[in-house]
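*Asks:* If you scroll down you'll find the structure; I have some questions about it.
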Amino acid sequence: MLKDRVGAYYLEKNYNCAETLIHAINDEYHLALGEEEMKLAGGFGGGMGCGLTCGALSAAIAALGKLFIGTKAHETAGFKELCADYVDAFRKREGAVDCSALKPKYFVPGVRCLQTVELAADLFDEFVKEHQLA
């Protein structure tokens with residue numbers, strides 16, 4: 001289960017929300033991403049460092065791309081809608097999509113936004129299973 005992998009990356013290895021989720025998804029769904037490729041998600045942590053879109057959400061969308069896109073996103077039938085559905089499900093689950101709105105709700109000193117990342121991990125598992133992407 002994806003959620004079971006989150007704590008090790010987030011708390012023990014001190015990755016940010018986006019790095020944590022992409023590492024955990026890489027492990028769980030065998031994306032075959034190397035450490036260098038996973039660095040691409042690093043800048044999404046903390047809502048791109050300025051409180052915008054949650055890094056866990058951004059990393060999940062990136063992982064959906066790896067799982068679902070054929071050659072190009074705009075040539076993959078239904079991918080745009082799939083992403084929109086995921087964002088909508090994230091908003092419903094977490095209550096918002098922006099870090100600036102999520103952090104006051106979920107941030108806990110000592111564990112930071114662990115609950116946000118765990119909720120995002122659960123949603124990713126459910127979403128992939130529902131859409132039979134893995």
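Just remember, in the structure tokens the first chain shown is A, the second B, etc., residues are 1-based per chain, and ligands are 1-based in the order shown.
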Show me, as a PDB file with N, CA, C and O atoms, in the first residue's frame, the residues that have an atom within 9 Å of Leu11 of chain A when counting only C-alpha atoms, minus same-chain residues fewer than 6 positions from it.
*Replies:*
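New file selection_11.pdb:
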ATOM      1  N   GLY A 110       6.764  18.912  13.978  1.00  0.00           N
ATOM      2  CA  GLY A 110       7.407  17.616  14.170  1.00  0.00           C
ATOM      3  C   GLY A 110       7.127  16.621  13.063  1.00  0.00           C
ATOM      4  O   GLY A 110       7.978  15.794  12.746  1.00  0.00           O
ATOM      5  N   VAL A 111       5.936  16.680  12.478  1.00  0.00           N
ATOM      6  CA  VAL A 111       5.608  15.771  11.367  1.00  0.00           C
ATOM      7  C   VAL A 111       5.178  16.537  10.119  1.00  0.00           C
ATOM      8  O   VAL A 111       4.787  15.936   9.133  1.00  0.00           O
ATOM      9  N   ARG A 112       5.225  17.852  10.205  1.00  0.00           N
ATOM     10  CA  ARG A 112       4.897  18.732   9.079  1.00  0.00           C
ATOM     11  C   ARG A 112       3.552  18.361   8.459  1.00  0.00           C
ATOM     12  O   ARG A 112       2.563  18.272   9.155  1.00  0.00           O
ATOM     13  N   LEU A 114       2.537  15.550   7.060  1.00  0.00           N
ATOM     14  CA  LEU A 114       2.450  14.105   6.845  1.00  0.00           C
ATOM     15  C   LEU A 114       1.025  13.668   6.519  1.00  0.00           C
ATOM     16  O   LEU A 114       0.811  12.867   5.616  1.00  0.00           O
TER      17      LEU A 114
END
*Asks:* Check chain A with DSSP on the backbone and list each residue it calls strand (DSSP E or B), as a PyMOL selection string.
*Replies:* chain A and resi 53+98+108+112
*Asks:* Would you mind exporting N, CA, C and O atoms of the selected residues as a PDB file, in the first residue's frame?
*Replies:*
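New file part-v6.pdb:
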ATOM      1  N   THR A  53      -0.194  25.241  -5.809  1.00  0.00           N
ATOM      2  CA  THR A  53      -0.653  23.856  -5.876  1.00  0.00           C
ATOM      3  C   THR A  53       0.203  22.926  -5.010  1.00  0.00           C
ATOM      4  O   THR A  53       1.426  22.921  -5.107  1.00  0.00           O
ATOM      5  N   ASP A  98      -4.427  24.072  -2.913  1.00  0.00           N
ATOM      6  CA  ASP A  98      -3.259  24.928  -2.690  1.00  0.00           C
ATOM      7  C   ASP A  98      -2.645  24.682  -1.324  1.00  0.00           C
ATOM      8  O   ASP A  98      -3.346  24.564  -0.310  1.00  0.00           O
ATOM      9  N   VAL A 108       1.464  19.890  11.290  1.00  0.00           N
ATOM     10  CA  VAL A 108       1.681  19.600  12.707  1.00  0.00           C
ATOM     11  C   VAL A 108       3.183  19.678  12.961  1.00  0.00           C
ATOM     12  O   VAL A 108       3.955  18.996  12.278  1.00  0.00           O
ATOM     13  N   ARG A 112       5.225  17.852  10.205  1.00  0.00           N
ATOM     14  CA  ARG A 112       4.897  18.732   9.079  1.00  0.00           C
ATOM     15  C   ARG A 112       3.552  18.361   8.459  1.00  0.00           C
ATOM     16  O   ARG A 112       2.563  18.272   9.155  1.00  0.00           O
TER      17      ARG A 112
END
*Asks:* Quick one, how far is atom CA of Asp4 of chain A from atom CA of Leu31 of chain A?
*Replies:*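 Rounded to one decimal, the two atoms are 17.4 Å apart.
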*Asks:* Do you know which residues are at most 12 Å from Glu126 of chain A counting only C-alpha atoms, after dropping those on the same chain fewer than 5 positions away, and could you put them as a ChimeraX atom specification?
*Replies:* /A:1-3,86,89-90,93,119-121,131-134
*Asks:* Hey, can you spit out that residue selection with all heavy atoms as a CSV table (one decimal), in the first residue's frame?
*Replies:*
chain,number,residue,atom,x,y,z
A,1,MET,N,0.8,-1.2,0.0
A,1,MET,CA,0.0,0.0,0.0
A,1,MET,C,0.9,1.2,0.0
A,1,MET,O,1.9,1.4,0.7
A,1,MET,CB,-0.9,0.0,1.2
A,1,MET,CG,-2.1,0.8,1.1
A,1,MET,SD,-3.2,0.4,2.5
A,1,MET,CE,-4.3,1.8,2.3
A,2,LEU,N,0.6,2.2,-0.8
A,2,LEU,CA,1.3,3.4,-1.0
A,2,LEU,C,1.5,4.2,0.3
A,2,LEU,O,2.6,4.6,0.6
A,2,LEU,CB,0.7,4.3,-2.1
A,2,LEU,CG,1.4,5.5,-2.5
A,2,LEU,CD1,2.8,5.2,-3.1
A,2,LEU,CD2,0.6,6.2,-3.6
A,3,LYS,N,0.5,4.3,1.0
A,3,LYS,CA,0.5,5.1,2.3
A,3,LYS,C,1.6,4.6,3.2
A,3,LYS,O,2.2,5.3,3.9
A,3,LYS,CB,-0.9,5.1,2.9
A,3,LYS,CG,-0.9,5.9,4.2
A,3,LYS,CD,-2.4,5.8,4.8
A,3,LYS,CE,-2.5,6.5,6.1
A,3,LYS,NZ,-3.9,6.4,6.5
A,86,TYR,N,-8.7,13.8,-11.3
A,86,TYR,CA,-7.8,13.6,-10.1
A,86,TYR,C,-7.8,14.8,-9.2
A,86,TYR,O,-7.9,14.8,-8.0
A,86,TYR,CB,-6.4,13.2,-10.5
A,86,TYR,CG,-5.6,12.7,-9.3
A,86,TYR,CD1,-5.7,11.4,-8.8
A,86,TYR,CD2,-4.8,13.7,-8.6
A,86,TYR,CE1,-5.0,11.1,-7.7
A,86,TYR,CE2,-4.1,13.3,-7.5
A,86,TYR,CZ,-4.2,12.0,-7.0
A,86,TYR,OH,-3.5,11.6,-5.9
A,89,ALA,N,-11.0,15.1,-7.3
A,89,ALA,CA,-11.0,14.1,-6.2
A,89,ALA,C,-10.1,14.6,-5.1
A,89,ALA,O,-10.4,14.4,-3.9
A,89,ALA,CB,-10.6,12.7,-6.7
A,90,PHE,N,-8.9,15.1,-5.4
A,90,PHE,CA,-8.0,15.7,-4.4
A,90,PHE,C,-8.6,16.8,-3.6
A,90,PHE,O,-8.6,16.8,-2.4
A,90,PHE,CB,-6.7,16.1,-5.1
A,90,PHE,CG,-5.6,16.5,-4.1
A,90,PHE,CD1,-4.6,15.6,-3.8
A,90,PHE,CD2,-5.6,17.8,-3.6
A,90,PHE,CE1,-3.6,16.0,-2.9
A,90,PHE,CE2,-4.5,18.2,-2.7
A,90,PHE,CZ,-3.6,17.3,-2.4
A,93,ARG,N,-11.2,15.4,-1.3
A,93,ARG,CA,-10.6,14.6,-0.2
A,93,ARG,C,-9.9,15.5,0.8
A,93,ARG,O,-10.0,15.4,2.0
A,93,ARG,CB,-9.6,13.6,-0.8
A,93,ARG,CG,-8.7,12.9,0.2
A,93,ARG,CD,-9.3,11.7,1.0
A,93,ARG,NE,-10.0,10.8,0.2
A,93,ARG,CZ,-9.6,9.6,-0.3
A,93,ARG,NH1,-8.4,9.3,0.1
A,93,ARG,NH2,-10.3,8.9,-1.0
A,119,LEU,N,-3.0,11.3,3.0
A,119,LEU,CA,-4.3,11.3,2.3
A,119,LEU,C,-4.1,11.3,0.8
A,119,LEU,O,-4.8,10.7,0.0
A,119,LEU,CB,-5.0,12.6,2.7
A,119,LEU,CG,-5.6,12.7,4.1
A,119,LEU,CD1,-6.0,14.1,4.4
A,119,LEU,CD2,-6.7,11.7,4.2
A,120,ALA,N,-3.1,12.0,0.3
A,120,ALA,CA,-2.8,12.0,-1.2
A,120,ALA,C,-2.4,10.6,-1.6
A,120,ALA,O,-2.7,10.2,-2.7
A,120,ALA,CB,-1.7,13.0,-1.5
A,121,ALA,N,-1.6,9.9,-0.8
A,121,ALA,CA,-1.2,8.5,-1.2
A,121,ALA,C,-2.4,7.6,-1.2
A,121,ALA,O,-2.6,6.8,-2.2
A,121,ALA,CB,-0.2,8.0,-0.1
A,131,HIS,N,-9.5,3.5,-12.0
A,131,HIS,CA,-9.3,3.7,-13.4
A,131,HIS,C,-8.4,2.6,-14.1
A,131,HIS,O,-8.1,2.7,-15.2
A,131,HIS,CB,-8.6,5.1,-13.6
A,131,HIS,CG,-9.6,6.2,-13.3
A,131,HIS,ND1,-9.7,6.6,-12.0
A,131,HIS,CD2,-10.4,6.9,-14.0
A,131,HIS,CE1,-10.6,7.6,-12.0
A,131,HIS,NE2,-11.1,7.8,-13.2
A,132,GLN,N,-8.1,1.6,-13.3
A,132,GLN,CA,-7.3,0.4,-13.8
A,132,GLN,C,-6.1,0.9,-14.6
A,132,GLN,O,-5.9,0.4,-15.7
A,132,GLN,CB,-8.2,-0.5,-14.6
A,132,GLN,CG,-9.4,-1.0,-13.8
A,132,GLN,CD,-10.4,-1.8,-14.6
A,132,GLN,OE1,-10.2,-2.1,-15.7
A,132,GLN,NE2,-11.4,-2.3,-13.9
A,133,LEU,N,-5.3,1.7,-13.9
A,133,LEU,CA,-4.1,2.2,-14.6
A,133,LEU,C,-2.8,1.4,-14.3
A,133,LEU,O,-1.8,1.7,-14.9
A,133,LEU,CB,-3.9,3.7,-14.2
A,133,LEU,CG,-5.0,4.6,-14.6
A,133,LEU,CD1,-4.7,6.0,-14.1
A,133,LEU,CD2,-5.2,4.7,-16.1
A,134,ALA,N,-2.9,0.6,-13.4
A,134,ALA,CA,-1.7,-0.2,-13.0
A,134,ALA,C,-2.0,-1.7,-12.9
A,134,ALA,O,-3.1,-2.1,-12.9
A,134,ALA,CB,-1.1,0.3,-11.7
*Asks:* Kindly give the distance, in Å, that separates atom CA of Phe124 of chain A and atom CA of Ala24 of chain A, rounded to a single decimal.
*Replies:*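 Computing the Euclidean distance for atom CA of Phe124 of chain A and atom CA of Ala24 of chain A yields 10.8 Å.
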*Asks:* When you look at Cys113 of chain A with a cut-off of 9 Å (counting only C-alpha atoms), what residues show up, excluding the ones that are within fewer than 3 positions of it in the same chain? I need them as a list in words.
*Replies:*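 Contacts, in chain order: Tyr10, Cys17, Leu102, Lys103, Tyr106, Phe107, Val108, Pro109, Thr116, Val117 and Glu118 of chain A.
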*Asks:* Would you save the residues from that selection as a short mmCIF file (atom, residue, chain, number, x, y, z; two decimals), in the first residue's frame, using all heavy atoms?
*Replies:*
data_model
loop_
_atom_site.label_atom_id
_atom_site.label_comp_id
_atom_site.auth_asym_id
_atom_site.auth_seq_id
_atom_site.Cartn_x
_atom_site.Cartn_y
_atom_site.Cartn_z
N TYR A 10 9.18 10.80 3.99
CA TYR A 10 8.85 12.13 4.50
C TYR A 10 9.51 12.41 5.84
O TYR A 10 10.10 13.47 6.03
CB TYR A 10 7.32 12.27 4.61
CG TYR A 10 6.84 13.69 4.76
CD1 TYR A 10 6.93 14.60 3.72
CD2 TYR A 10 6.29 14.13 5.96
CE1 TYR A 10 6.48 15.90 3.85
CE2 TYR A 10 5.83 15.43 6.10
CZ TYR A 10 5.93 16.30 5.05
OH TYR A 10 5.49 17.59 5.18
N CYS A 17 6.96 17.08 0.37
CA CYS A 17 5.72 16.37 0.01
C CYS A 17 5.78 15.79 -1.40
O CYS A 17 5.41 14.63 -1.62
CB CYS A 17 4.51 17.29 0.17
SG CYS A 17 4.66 18.87 -0.70
N LEU A 102 -4.03 24.25 2.56
CA LEU A 102 -3.88 22.96 3.22
C LEU A 102 -2.99 23.01 4.46
O LEU A 102 -3.28 22.35 5.46
CB LEU A 102 -3.32 21.93 2.23
CG LEU A 102 -4.22 21.59 1.06
CD1 LEU A 102 -3.47 20.79 0.01
CD2 LEU A 102 -5.45 20.83 1.54
N LYS A 103 -1.94 23.79 4.40
CA LYS A 103 -0.98 23.82 5.50
C LYS A 103 -1.62 24.22 6.83
O LYS A 103 -1.40 23.54 7.84
CB LYS A 103 0.20 24.73 5.16
CG LYS A 103 1.33 24.61 6.15
CD LYS A 103 2.55 25.37 5.69
CE LYS A 103 3.66 25.25 6.72
NZ LYS A 103 4.86 25.99 6.30
N TYR A 106 -3.55 21.02 8.02
CA TYR A 106 -2.91 19.74 8.25
C TYR A 106 -1.51 19.80 8.87
O TYR A 106 -1.01 18.79 9.34
CB TYR A 106 -2.80 18.97 6.92
CG TYR A 106 -4.13 18.54 6.38
CD1 TYR A 106 -4.64 19.09 5.21
CD2 TYR A 106 -4.89 17.56 7.02
CE1 TYR A 106 -5.86 18.69 4.70
CE2 TYR A 106 -6.11 17.15 6.52
CZ TYR A 106 -6.59 17.72 5.35
OH TYR A 106 -7.81 17.31 4.86
N PHE A 107 -0.86 20.94 8.85
CA PHE A 107 0.52 21.02 9.36
C PHE A 107 0.56 20.78 10.87
O PHE A 107 -0.20 21.37 11.63
CB PHE A 107 1.14 22.38 9.05
CG PHE A 107 2.58 22.48 9.48
CD1 PHE A 107 3.59 22.05 8.66
CD2 PHE A 107 2.91 23.01 10.73
CE1 PHE A 107 4.91 22.13 9.05
CE2 PHE A 107 4.23 23.10 11.14
CZ PHE A 107 5.24 22.66 10.30
N VAL A 108 1.46 19.89 11.29
CA VAL A 108 1.68 19.60 12.71
C VAL A 108 3.18 19.68 12.96
O VAL A 108 3.95 19.00 12.28
CB VAL A 108 1.16 18.18 13.07
CG1 VAL A 108 1.50 17.83 14.52
CG2 VAL A 108 -0.32 18.06 12.81
N PRO A 109 3.61 20.51 13.91
CA PRO A 109 5.05 20.57 14.21
C PRO A 109 5.60 19.17 14.50
O PRO A 109 4.95 18.35 15.14
CB PRO A 109 5.12 21.46 15.46
CG PRO A 109 3.89 22.32 15.37
CD PRO A 109 2.83 21.41 14.77
N THR A 116 -1.37 15.25 5.05
CA THR A 116 -1.69 15.63 3.67
C THR A 116 -1.11 14.61 2.70
O THR A 116 -1.80 14.16 1.77
CB THR A 116 -1.12 17.03 3.34
OG1 THR A 116 -1.64 17.96 4.27
CG2 THR A 116 -1.46 17.45 1.92
N VAL A 117 0.13 14.23 2.90
CA VAL A 117 0.80 13.30 1.99
C VAL A 117 0.18 11.90 2.12
O VAL A 117 0.00 11.21 1.11
CB VAL A 117 2.32 13.27 2.25
CG1 VAL A 117 3.03 12.34 1.28
CG2 VAL A 117 2.91 14.68 2.14
N GLU A 118 -0.19 11.51 3.32
CA GLU A 118 -0.85 10.21 3.50
C GLU A 118 -2.21 10.19 2.81
O GLU A 118 -2.56 9.20 2.15
CB GLU A 118 -0.99 9.89 4.98
CG GLU A 118 0.32 9.53 5.64
CD GLU A 118 0.20 9.29 7.13
OE1 GLU A 118 -0.76 9.80 7.76
OE2 GLU A 118 1.08 8.59 7.66
#
*Asks:* As a ChimeraX atom specification, please: the residues near Val128 of chain A (cut-off 12 Å, only C-alpha atoms, same-chain neighbours under 6 positions excluded).
*Replies:* /A:2,25,28-29,60-61,63-65,67-68,82-83,85-86,121-122,134
*Asks:* Could you please take those selected residues and save all heavy atoms as a short mmCIF file (atom, residue, chain, number, x, y, z; two decimals), in the first residue's frame?
*Replies:*
data_model
loop_
_atom_site.label_atom_id
_atom_site.label_comp_id
_atom_site.auth_asym_id
_atom_site.auth_seq_id
_atom_site.Cartn_x
_atom_site.Cartn_y
_atom_site.Cartn_z
N LEU A 2 0.55 2.17 -0.85
CA LEU A 2 1.35 3.38 -1.03
C LEU A 2 1.53 4.17 0.26
O LEU A 2 2.64 4.62 0.58
CB LEU A 2 0.69 4.25 -2.10
CG LEU A 2 1.41 5.51 -2.54
CD1 LEU A 2 2.80 5.19 -3.07
CD2 LEU A 2 0.59 6.21 -3.62
N ILE A 25 5.44 6.41 -4.95
CA ILE A 25 4.75 5.90 -6.14
C ILE A 25 5.71 5.12 -7.02
O ILE A 25 5.37 4.06 -7.55
CB ILE A 25 4.06 7.04 -6.92
CG1 ILE A 25 2.91 7.63 -6.10
CG2 ILE A 25 3.55 6.54 -8.27
CD1 ILE A 25 2.33 8.92 -6.68
N GLU A 28 6.07 1.71 -5.33
CA GLU A 28 4.84 0.91 -5.31
C GLU A 28 4.38 0.50 -6.70
O GLU A 28 3.88 -0.61 -6.90
CB GLU A 28 3.73 1.70 -4.61
CG GLU A 28 2.45 0.94 -4.38
CD GLU A 28 2.53 -0.08 -3.25
OE1 GLU A 28 3.48 -0.03 -2.43
OE2 GLU A 28 1.64 -0.93 -3.20
N TYR A 29 4.53 1.39 -7.67
CA TYR A 29 4.01 1.15 -9.02
C TYR A 29 5.11 0.84 -10.04
O TYR A 29 4.84 0.77 -11.23
CB TYR A 29 3.15 2.33 -9.48
CG TYR A 29 1.86 2.41 -8.70
CD1 TYR A 29 1.79 3.13 -7.52
CD2 TYR A 29 0.73 1.73 -9.13
CE1 TYR A 29 0.61 3.18 -6.78
CE2 TYR A 29 -0.45 1.77 -8.40
CZ TYR A 29 -0.50 2.50 -7.23
OH TYR A 29 -1.67 2.53 -6.50
N ALA A 60 1.60 13.54 -7.88
CA ALA A 60 0.63 12.52 -8.30
C ALA A 60 0.27 12.68 -9.77
O ALA A 60 0.18 11.69 -10.50
CB ALA A 60 -0.62 12.59 -7.42
N ILE A 61 0.07 13.91 -10.20
CA ILE A 61 -0.25 14.16 -11.61
C ILE A 61 0.93 13.72 -12.49
O ILE A 61 0.74 13.10 -13.55
CB ILE A 61 -0.61 15.64 -11.85
CG1 ILE A 61 -1.92 15.99 -11.14
CG2 ILE A 61 -0.67 15.96 -13.35
CD1 ILE A 61 -3.17 15.32 -11.70
N ALA A 63 3.05 11.38 -11.82
CA ALA A 63 3.06 9.91 -11.82
C ALA A 63 1.95 9.36 -12.71
O ALA A 63 2.14 8.35 -13.39
CB ALA A 63 2.93 9.39 -10.40
N LEU A 64 0.79 10.01 -12.72
CA LEU A 64 -0.27 9.58 -13.63
C LEU A 64 0.21 9.67 -15.08
O LEU A 64 -0.10 8.81 -15.90
CB LEU A 64 -1.54 10.42 -13.44
CG LEU A 64 -2.36 10.16 -12.19
CD1 LEU A 64 -3.52 11.15 -12.11
CD2 LEU A 64 -2.87 8.73 -12.13
N GLY A 65 0.98 10.70 -15.37
CA GLY A 65 1.54 10.83 -16.70
C GLY A 65 2.43 9.65 -17.05
O GLY A 65 2.33 9.08 -18.14
N LEU A 67 2.33 6.69 -15.80
CA LEU A 67 1.53 5.47 -15.89
C LEU A 67 0.63 5.42 -17.13
O LEU A 67 0.37 4.35 -17.66
CB LEU A 67 0.62 5.34 -14.66
CG LEU A 67 1.27 4.92 -13.35
CD1 LEU A 67 0.29 5.08 -12.20
CD2 LEU A 67 1.78 3.49 -13.44
N PHE A 68 0.16 6.58 -17.58
CA PHE A 68 -0.93 6.59 -18.55
C PHE A 68 -0.60 7.12 -19.94
O PHE A 68 -1.20 6.70 -20.92
CB PHE A 68 -2.10 7.39 -17.95
CG PHE A 68 -3.40 7.20 -18.65
CD1 PHE A 68 -4.09 6.01 -18.60
CD2 PHE A 68 -3.94 8.24 -19.40
CE1 PHE A 68 -5.31 5.84 -19.25
CE2 PHE A 68 -5.15 8.09 -20.06
CZ PHE A 68 -5.83 6.89 -19.98
N LEU A 82 -8.66 12.83 -17.23
CA LEU A 82 -8.17 12.03 -16.11
C LEU A 82 -7.51 12.93 -15.07
O LEU A 82 -7.78 12.81 -13.87
CB LEU A 82 -7.18 10.97 -16.60
CG LEU A 82 -6.64 10.02 -15.55
CD1 LEU A 82 -7.68 8.96 -15.22
CD2 LEU A 82 -5.37 9.38 -16.04
N CYS A 83 -6.67 13.85 -15.53
CA CYS A 83 -6.01 14.79 -14.62
C CYS A 83 -7.02 15.68 -13.92
O CYS A 83 -6.93 15.89 -12.70
CB CYS A 83 -4.99 15.64 -15.38
SG CYS A 83 -3.56 14.71 -15.94
N ASP A 85 -10.12 15.00 -13.30
CA ASP A 85 -10.84 14.16 -12.34
C ASP A 85 -10.00 13.96 -11.08
O ASP A 85 -10.53 13.96 -9.96
CB ASP A 85 -11.19 12.80 -12.94
CG ASP A 85 -12.29 12.86 -13.98
OD1 ASP A 85 -12.96 13.91 -14.09
OD2 ASP A 85 -12.47 11.84 -14.69
N TYR A 86 -8.69 13.77 -11.26
CA TYR A 86 -7.82 13.58 -10.10
C TYR A 86 -7.77 14.84 -9.24
O TYR A 86 -7.88 14.76 -8.01
CB TYR A 86 -6.40 13.16 -10.53
CG TYR A 86 -5.60 12.74 -9.33
CD1 TYR A 86 -5.67 11.45 -8.85
CD2 TYR A 86 -4.81 13.66 -8.64
CE1 TYR A 86 -4.97 11.07 -7.71
CE2 TYR A 86 -4.11 13.29 -7.51
CZ TYR A 86 -4.19 11.99 -7.05
OH TYR A 86 -3.50 11.62 -5.92
N ALA A 121 -1.62 9.87 -0.82
CA ALA A 121 -1.21 8.51 -1.17
C ALA A 121 -2.43 7.58 -1.25
O ALA A 121 -2.57 6.80 -2.19
CB ALA A 121 -0.21 7.98 -0.14
N ASP A 122 -3.32 7.69 -0.27
CA ASP A 122 -4.55 6.88 -0.30
C ASP A 122 -5.37 7.18 -1.55
O ASP A 122 -5.87 6.27 -2.22
CB ASP A 122 -5.40 7.14 0.94
CG ASP A 122 -4.91 6.41 2.18
OD1 ASP A 122 -4.10 5.46 2.04
OD2 ASP A 122 -5.34 6.79 3.28
N ALA A 134 -2.89 0.58 -13.36
CA ALA A 134 -1.67 -0.17 -13.02
C ALA A 134 -1.98 -1.65 -12.94
O ALA A 134 -3.10 -2.07 -12.87
CB ALA A 134 -1.10 0.33 -11.71
#
*Asks:* Nearest residue to Gly46 of chain A out of A:Cys99, A:Ser58, A:Val87, A:Lys66, using only C-alpha atoms?
*Replies:*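 Closest to Gly46 of chain A, using only C-alpha atoms: A:Cys99.
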*Asks:* Any chance you could list, as a ChimeraX atom specification, the residues in segment 12-130 of chain A that come up alpha helix (DSSP H) when DSSP is run on the backbone?
*Replies:* /A:17-29,35-38,45-46,55-68,79-94,99-106,114-130
*Asks:* For atom CA of Leu40 of chain A and atom CA of Tyr15 of chain A, quote the distance in Å rounded to one decimal.
*Replies:*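 These two atoms are separated by 12.9 Å.
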*Asks:* Here is a test: counting only C-alpha atoms, which residue of A:Ala73, A:Phe79, A:Cys50, A:Phe127 is nearest to Ala101 of chain A?
*Replies:*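 With only C-alpha atoms as the atom set, the closest residue is A:Cys50.
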